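Source file: target.tsv (TSV, C-alpha atoms)
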```tsv
chain	number	residue	atom	x	y	z
A	1140	MET	CA	71.49	69.00	-61.95
A	1141	VAL	CA	74.60	68.12	-59.97
A	1142	ASP	CA	76.18	64.76	-60.75
A	1143	LYS	CA	75.07	61.97	-58.37
A	1144	GLU	CA	78.68	60.91	-57.73
A	1145	LEU	CA	79.57	64.46	-56.68
A	1146	LEU	CA	76.55	64.63	-54.37
A	1147	ASP	CA	77.67	61.40	-52.73
A	1148	ILE	CA	81.03	62.89	-51.68
A	1149	LEU	CA	80.02	66.46	-50.82
A	1150	VAL	CA	79.72	67.32	-47.13
A	1151	CYS	CA	79.17	70.53	-45.21
A	1152	PRO	CA	82.49	72.43	-45.17
A	1153	GLU	CA	81.81	73.57	-41.60
A	1154	THR	CA	80.60	70.44	-39.80
A	1155	LYS	CA	81.30	67.66	-42.33
A	1156	GLN	CA	77.64	66.57	-42.08
A	1157	ASP	CA	76.06	64.86	-45.06
A	1158	LEU	CA	74.08	66.96	-47.54
A	1159	THR	CA	70.88	66.07	-49.38
A	1160	LEU	CA	69.25	67.71	-52.35
A	1161	ALA	CA	66.54	70.17	-51.31
A	1162	ASP	CA	63.05	69.30	-52.45
A	1163	GLU	CA	61.22	71.48	-54.94
A	1164	ALA	CA	58.93	72.98	-52.28
A	1165	LEU	CA	61.90	74.27	-50.27
A	1166	VAL	CA	63.59	75.71	-53.38
A	1167	ASP	CA	60.31	77.46	-54.23
A	1168	LYS	CA	60.11	78.99	-50.72
A	1169	ILE	CA	63.69	80.21	-50.95
A	1170	ASN	CA	63.14	81.67	-54.41
A	1171	ALA	CA	60.02	83.49	-53.15
A	1172	ARG	CA	62.07	85.11	-50.39
A	1173	ILE	CA	64.82	86.00	-52.86
A	1174	ALA	CA	62.21	87.62	-55.15
A	1175	ALA	CA	60.82	89.57	-52.18
A	1176	GLY	CA	64.33	90.75	-51.28
A	1177	THR	CA	64.14	89.35	-47.75
A	1178	LEU	CA	66.58	86.44	-47.83
A	1179	MET	CA	70.03	86.93	-46.28
A	1180	ASN	CA	72.96	84.53	-46.18
A	1181	ARG	CA	75.01	83.74	-43.07
A	1182	CYS	CA	77.19	86.81	-43.39
A	1183	GLY	CA	74.17	89.12	-43.70
A	1184	GLN	CA	74.28	89.81	-47.43
A	1185	LYS	CA	71.06	89.79	-49.42
A	1186	VAL	CA	70.79	86.70	-51.63
A	1187	GLU	CA	70.06	87.69	-55.22
A	1188	GLY	CA	69.14	85.69	-58.27
A	1189	LYS	CA	66.90	82.65	-58.40
A	1190	ILE	CA	68.52	79.37	-57.35
A	1191	ASP	CA	68.25	76.15	-59.33
A	1192	TYR	CA	68.75	73.68	-56.49
A	1193	GLY	CA	70.15	73.52	-52.99
A	1194	LEU	CA	71.94	71.14	-50.65
A	1195	VAL	CA	70.52	70.82	-47.15
A	1196	ARG	CA	72.78	69.92	-44.23
A	1197	SER	CA	71.64	66.79	-42.39
A	1198	ASP	CA	70.67	68.79	-39.27
A	1199	LYS	CA	68.45	70.92	-41.58
A	1200	LYS	CA	69.94	74.18	-40.26
A	1201	PHE	CA	71.58	75.41	-43.49
A	1202	LEU	CA	71.28	75.16	-47.24
A	1203	TYR	CA	74.09	75.59	-49.75
A	1204	ILE	CA	72.93	77.07	-53.06
A	1205	ILE	CA	73.45	75.31	-56.38
A	1206	ARG	CA	73.59	77.65	-59.37
A	1207	ASP	CA	74.32	76.59	-62.94
A	1208	ASP	CA	74.86	73.05	-61.62
A	1209	ILE	CA	77.70	74.24	-59.37
A	1210	PRO	CA	77.36	73.91	-55.57
A	1211	VAL	CA	78.43	77.07	-53.73
A	1212	MET	CA	80.12	75.46	-50.73
A	1213	LEU	CA	81.13	78.64	-48.90
A	1214	ILE	CA	80.13	78.76	-45.22
A	1215	ASP	CA	79.36	82.49	-45.31
A	1216	GLU	CA	77.03	82.05	-48.30
A	1217	ALA	CA	74.93	79.30	-46.72
A	1218	ILE	CA	71.28	80.12	-46.03
A	1219	ALA	CA	69.86	79.54	-42.56
A	1220	LEU	CA	66.69	77.45	-42.80
A	1221	GLU	CA	65.21	78.52	-39.49
A	1222	GLY	CA	61.81	79.99	-40.23
A	1223	ILE	CA	61.79	78.63	-43.78
A	1224	LEU	CA	61.20	74.91	-43.14
```

Show the structure stored in the file as structure tokens.
Amino acid sequence: MVDKELLDILVCPETKQDLTLADEALVDKINARIAAGTLMNRCGQKVEGKIDYGLVRSDKKFLYIIRDDIPVMLIDEAIALEGIL
């Protein structure tokens, strides 16, 4: 899991909105779509490989993946949450 102190200072690189840790139900939904091969990131690439956690932007529009306890804070790799939440 990502360090609490790091979570407290991370913000969305695009909008600077706060981020919160995604709940287990949301991570499960995302992993199901990844397994089905239907999940794309913002730049249209298929997301591959199960995620451990995710950070949800405060407006709940995007999620940034956390893999191996490292947040992937790249705008193009964010996952749109429309239709998932």

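Our summary of the geometry notes that CA of Lys1143 in chain A is positioned 15.0 Å from CA of Val1195 in chain A.
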
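Compared by their closest atoms to Tyr1192 in chain A, and using all atoms listed in the file, the residues A:Ala1164, A:Ile1204, A:Leu1178, A:Leu1213 rank with A:Ile1204 nearest.
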
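Closest approach to Pro1210 in chain A from the set A:Gly1176, A:Gly1183, A:Gly1222, A:Pro1152 is made by A:Pro1152, with distances taken over all atoms listed in the file.
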
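The space between CA of Leu1149 in chain A and CA of Ser1197 in chain A spans 11.9 Å.
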
Centre and size of axis-aligned box enclosing range 1209-1224 of chain A plus 6 Å each side, as JSON:
```
{"center_x": 71.2, "center_y": 78.2, "center_z": -49.4, "size_x": 31.9, "size_y": 20.6, "size_z": 31.9}
```

Item checked: Spatial sel., origin (60.3, 79.4, -54.1), limit 12 Å, all atoms listed in the file, listed as a VMD selection string -> chain A and resid 1161 to 1175 1178 1188 to 1193 1223 to 1224

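Among the candidate residues A:Leu1158, A:Leu1145, A:Glu1221, A:Gln1184, the one lying nearest to Tyr1203 in chain A is A:Leu1158, with distances computed using only C-alpha atoms.
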
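Residue nearest Leu1194 in chain A, chosen from A:Leu1160, A:Ile1148, A:Cys1182, A:Ala1217 and counting all atoms listed in the file: A:Leu1160.
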
For Ala1219 in chain A, please output as a CSV table (one decimal) with C-alpha atoms, keeping the file's coordinate frame all residues within 9 Å (counting all atoms listed in the file; exclusion window: fewer than 6 positions along the same chain).
```csv
chain,number,residue,atom,x,y,z
A,1179,MET,CA,70.0,86.9,-46.3
A,1180,ASN,CA,73.0,84.5,-46.2
A,1181,ARG,CA,75.0,83.7,-43.1
A,1199,LYS,CA,68.4,70.9,-41.6
A,1200,LYS,CA,69.9,74.2,-40.3
A,1201,PHE,CA,71.6,75.4,-43.5
A,1202,LEU,CA,71.3,75.2,-47.2
```

Next item on the list: Determine, counting only C-alpha atoms, every residue of protein, DNA or RNA that lies within 8 Å of (73.9, 62.8, -47.3) in the file coordinates, then give the result as a ChimeraX atom specification.
Entry: /A:1146-1147,1149-1150,1156-1159,1196-1197

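Going from CA of Glu1187 in chain A over to CA of Cys1151 in chain A, you cover 21.9 Å.
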
N, CA and C atoms are what I want for range 1187-1221 of chain A; can you complete it accordingly and write them as a CSV table (one decimal), in the coordinates of the input?
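Contents of the output file result-v9.csv:
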```csv
chain,number,residue,atom,x,y,z
A,1187,GLU,N,70.7,87.2,-54.0
A,1187,GLU,CA,70.1,87.7,-55.2
A,1187,GLU,C,70.1,86.6,-56.3
A,1188,GLY,N,69.2,86.6,-57.2
A,1188,GLY,CA,69.1,85.7,-58.3
A,1188,GLY,C,68.5,84.4,-57.9
A,1189,LYS,N,67.6,83.9,-58.6
A,1189,LYS,CA,66.9,82.6,-58.4
A,1189,LYS,C,67.9,81.5,-58.3
A,1190,ILE,N,67.7,80.5,-57.4
A,1190,ILE,CA,68.5,79.4,-57.4
A,1190,ILE,C,67.9,78.2,-58.1
A,1191,ASP,N,68.7,77.3,-58.6
A,1191,ASP,CA,68.2,76.2,-59.3
A,1191,ASP,C,67.9,75.0,-58.4
A,1192,TYR,N,68.9,74.8,-57.5
A,1192,TYR,CA,68.8,73.7,-56.5
A,1192,TYR,C,69.5,74.1,-55.2
A,1193,GLY,N,69.4,73.3,-54.2
A,1193,GLY,CA,70.2,73.5,-53.0
A,1193,GLY,C,70.5,72.2,-52.3
A,1194,LEU,N,71.5,72.3,-51.5
A,1194,LEU,CA,71.9,71.1,-50.6
A,1194,LEU,C,71.7,71.5,-49.2
A,1195,VAL,N,70.9,70.6,-48.5
A,1195,VAL,CA,70.5,70.8,-47.2
A,1195,VAL,C,71.4,70.0,-46.2
A,1196,ARG,N,72.0,70.6,-45.2
A,1196,ARG,CA,72.8,69.9,-44.2
A,1196,ARG,C,71.9,68.9,-43.5
A,1197,SER,N,72.5,67.8,-43.0
A,1197,SER,CA,71.6,66.8,-42.4
A,1197,SER,C,70.9,67.3,-41.1
A,1198,ASP,N,71.4,68.3,-40.4
A,1198,ASP,CA,70.7,68.8,-39.3
A,1198,ASP,C,69.6,69.8,-39.7
A,1199,LYS,N,69.5,70.0,-41.0
A,1199,LYS,CA,68.4,70.9,-41.6
A,1199,LYS,C,68.6,72.4,-41.1
A,1200,LYS,N,69.8,72.8,-40.7
A,1200,LYS,CA,69.9,74.2,-40.3
A,1200,LYS,C,70.4,75.1,-41.4
A,1201,PHE,N,71.1,74.6,-42.4
A,1201,PHE,CA,71.6,75.4,-43.5
A,1201,PHE,C,71.4,74.8,-44.8
A,1202,LEU,N,71.3,75.6,-45.9
A,1202,LEU,CA,71.3,75.2,-47.2
A,1202,LEU,C,72.4,75.8,-48.0
A,1203,TYR,N,73.1,75.1,-48.8
A,1203,TYR,CA,74.1,75.6,-49.8
A,1203,TYR,C,73.5,75.7,-51.1
A,1204,ILE,N,73.5,76.8,-51.8
A,1204,ILE,CA,72.9,77.1,-53.1
A,1204,ILE,C,73.7,76.3,-54.2
A,1205,ILE,N,72.9,75.9,-55.1
A,1205,ILE,CA,73.4,75.3,-56.4
A,1205,ILE,C,73.0,76.2,-57.5
A,1206,ARG,N,73.9,76.8,-58.2
A,1206,ARG,CA,73.6,77.6,-59.4
A,1206,ARG,C,74.4,77.2,-60.6
A,1207,ASP,N,73.7,77.1,-61.7
A,1207,ASP,CA,74.3,76.6,-62.9
A,1207,ASP,C,75.0,75.3,-62.7
A,1208,ASP,N,74.4,74.4,-61.9
A,1208,ASP,CA,74.9,73.0,-61.6
A,1208,ASP,C,76.2,73.0,-60.8
A,1209,ILE,N,76.5,74.2,-60.2
A,1209,ILE,CA,77.7,74.2,-59.4
A,1209,ILE,C,77.3,74.6,-57.9
A,1210,PRO,N,77.6,73.6,-57.0
A,1210,PRO,CA,77.4,73.9,-55.6
A,1210,PRO,C,78.3,75.0,-55.0
A,1211,VAL,N,77.7,76.0,-54.3
A,1211,VAL,CA,78.4,77.1,-53.7
A,1211,VAL,C,78.7,76.6,-52.3
A,1212,MET,N,79.8,76.1,-52.0
A,1212,MET,CA,80.1,75.5,-50.7
A,1212,MET,C,80.9,76.4,-49.8
A,1213,LEU,N,80.5,77.6,-49.8
A,1213,LEU,CA,81.1,78.6,-48.9
A,1213,LEU,C,80.3,78.8,-47.6
A,1214,ILE,N,80.9,78.7,-46.5
A,1214,ILE,CA,80.1,78.8,-45.2
A,1214,ILE,C,79.4,80.1,-45.1
A,1215,ASP,N,80.0,81.2,-45.4
A,1215,ASP,CA,79.4,82.5,-45.3
A,1215,ASP,C,78.2,82.7,-46.3
A,1216,GLU,N,78.1,81.9,-47.3
A,1216,GLU,CA,77.0,82.0,-48.3
A,1216,GLU,C,75.9,81.1,-48.1
A,1217,ALA,N,76.0,80.2,-47.0
A,1217,ALA,CA,74.9,79.3,-46.7
A,1217,ALA,C,73.7,80.1,-46.3
A,1218,ILE,N,72.5,79.5,-46.4
A,1218,ILE,CA,71.3,80.1,-46.0
A,1218,ILE,C,70.7,79.4,-44.8
A,1219,ALA,N,70.5,80.1,-43.8
A,1219,ALA,CA,69.9,79.5,-42.6
A,1219,ALA,C,68.4,79.1,-42.9
A,1220,LEU,N,68.0,78.0,-42.5
A,1220,LEU,CA,66.7,77.4,-42.8
A,1220,LEU,C,65.7,77.7,-41.7
A,1221,GLU,N,66.1,78.2,-40.6
A,1221,GLU,CA,65.2,78.5,-39.5
A,1221,GLU,C,64.1,79.5,-40.0
```
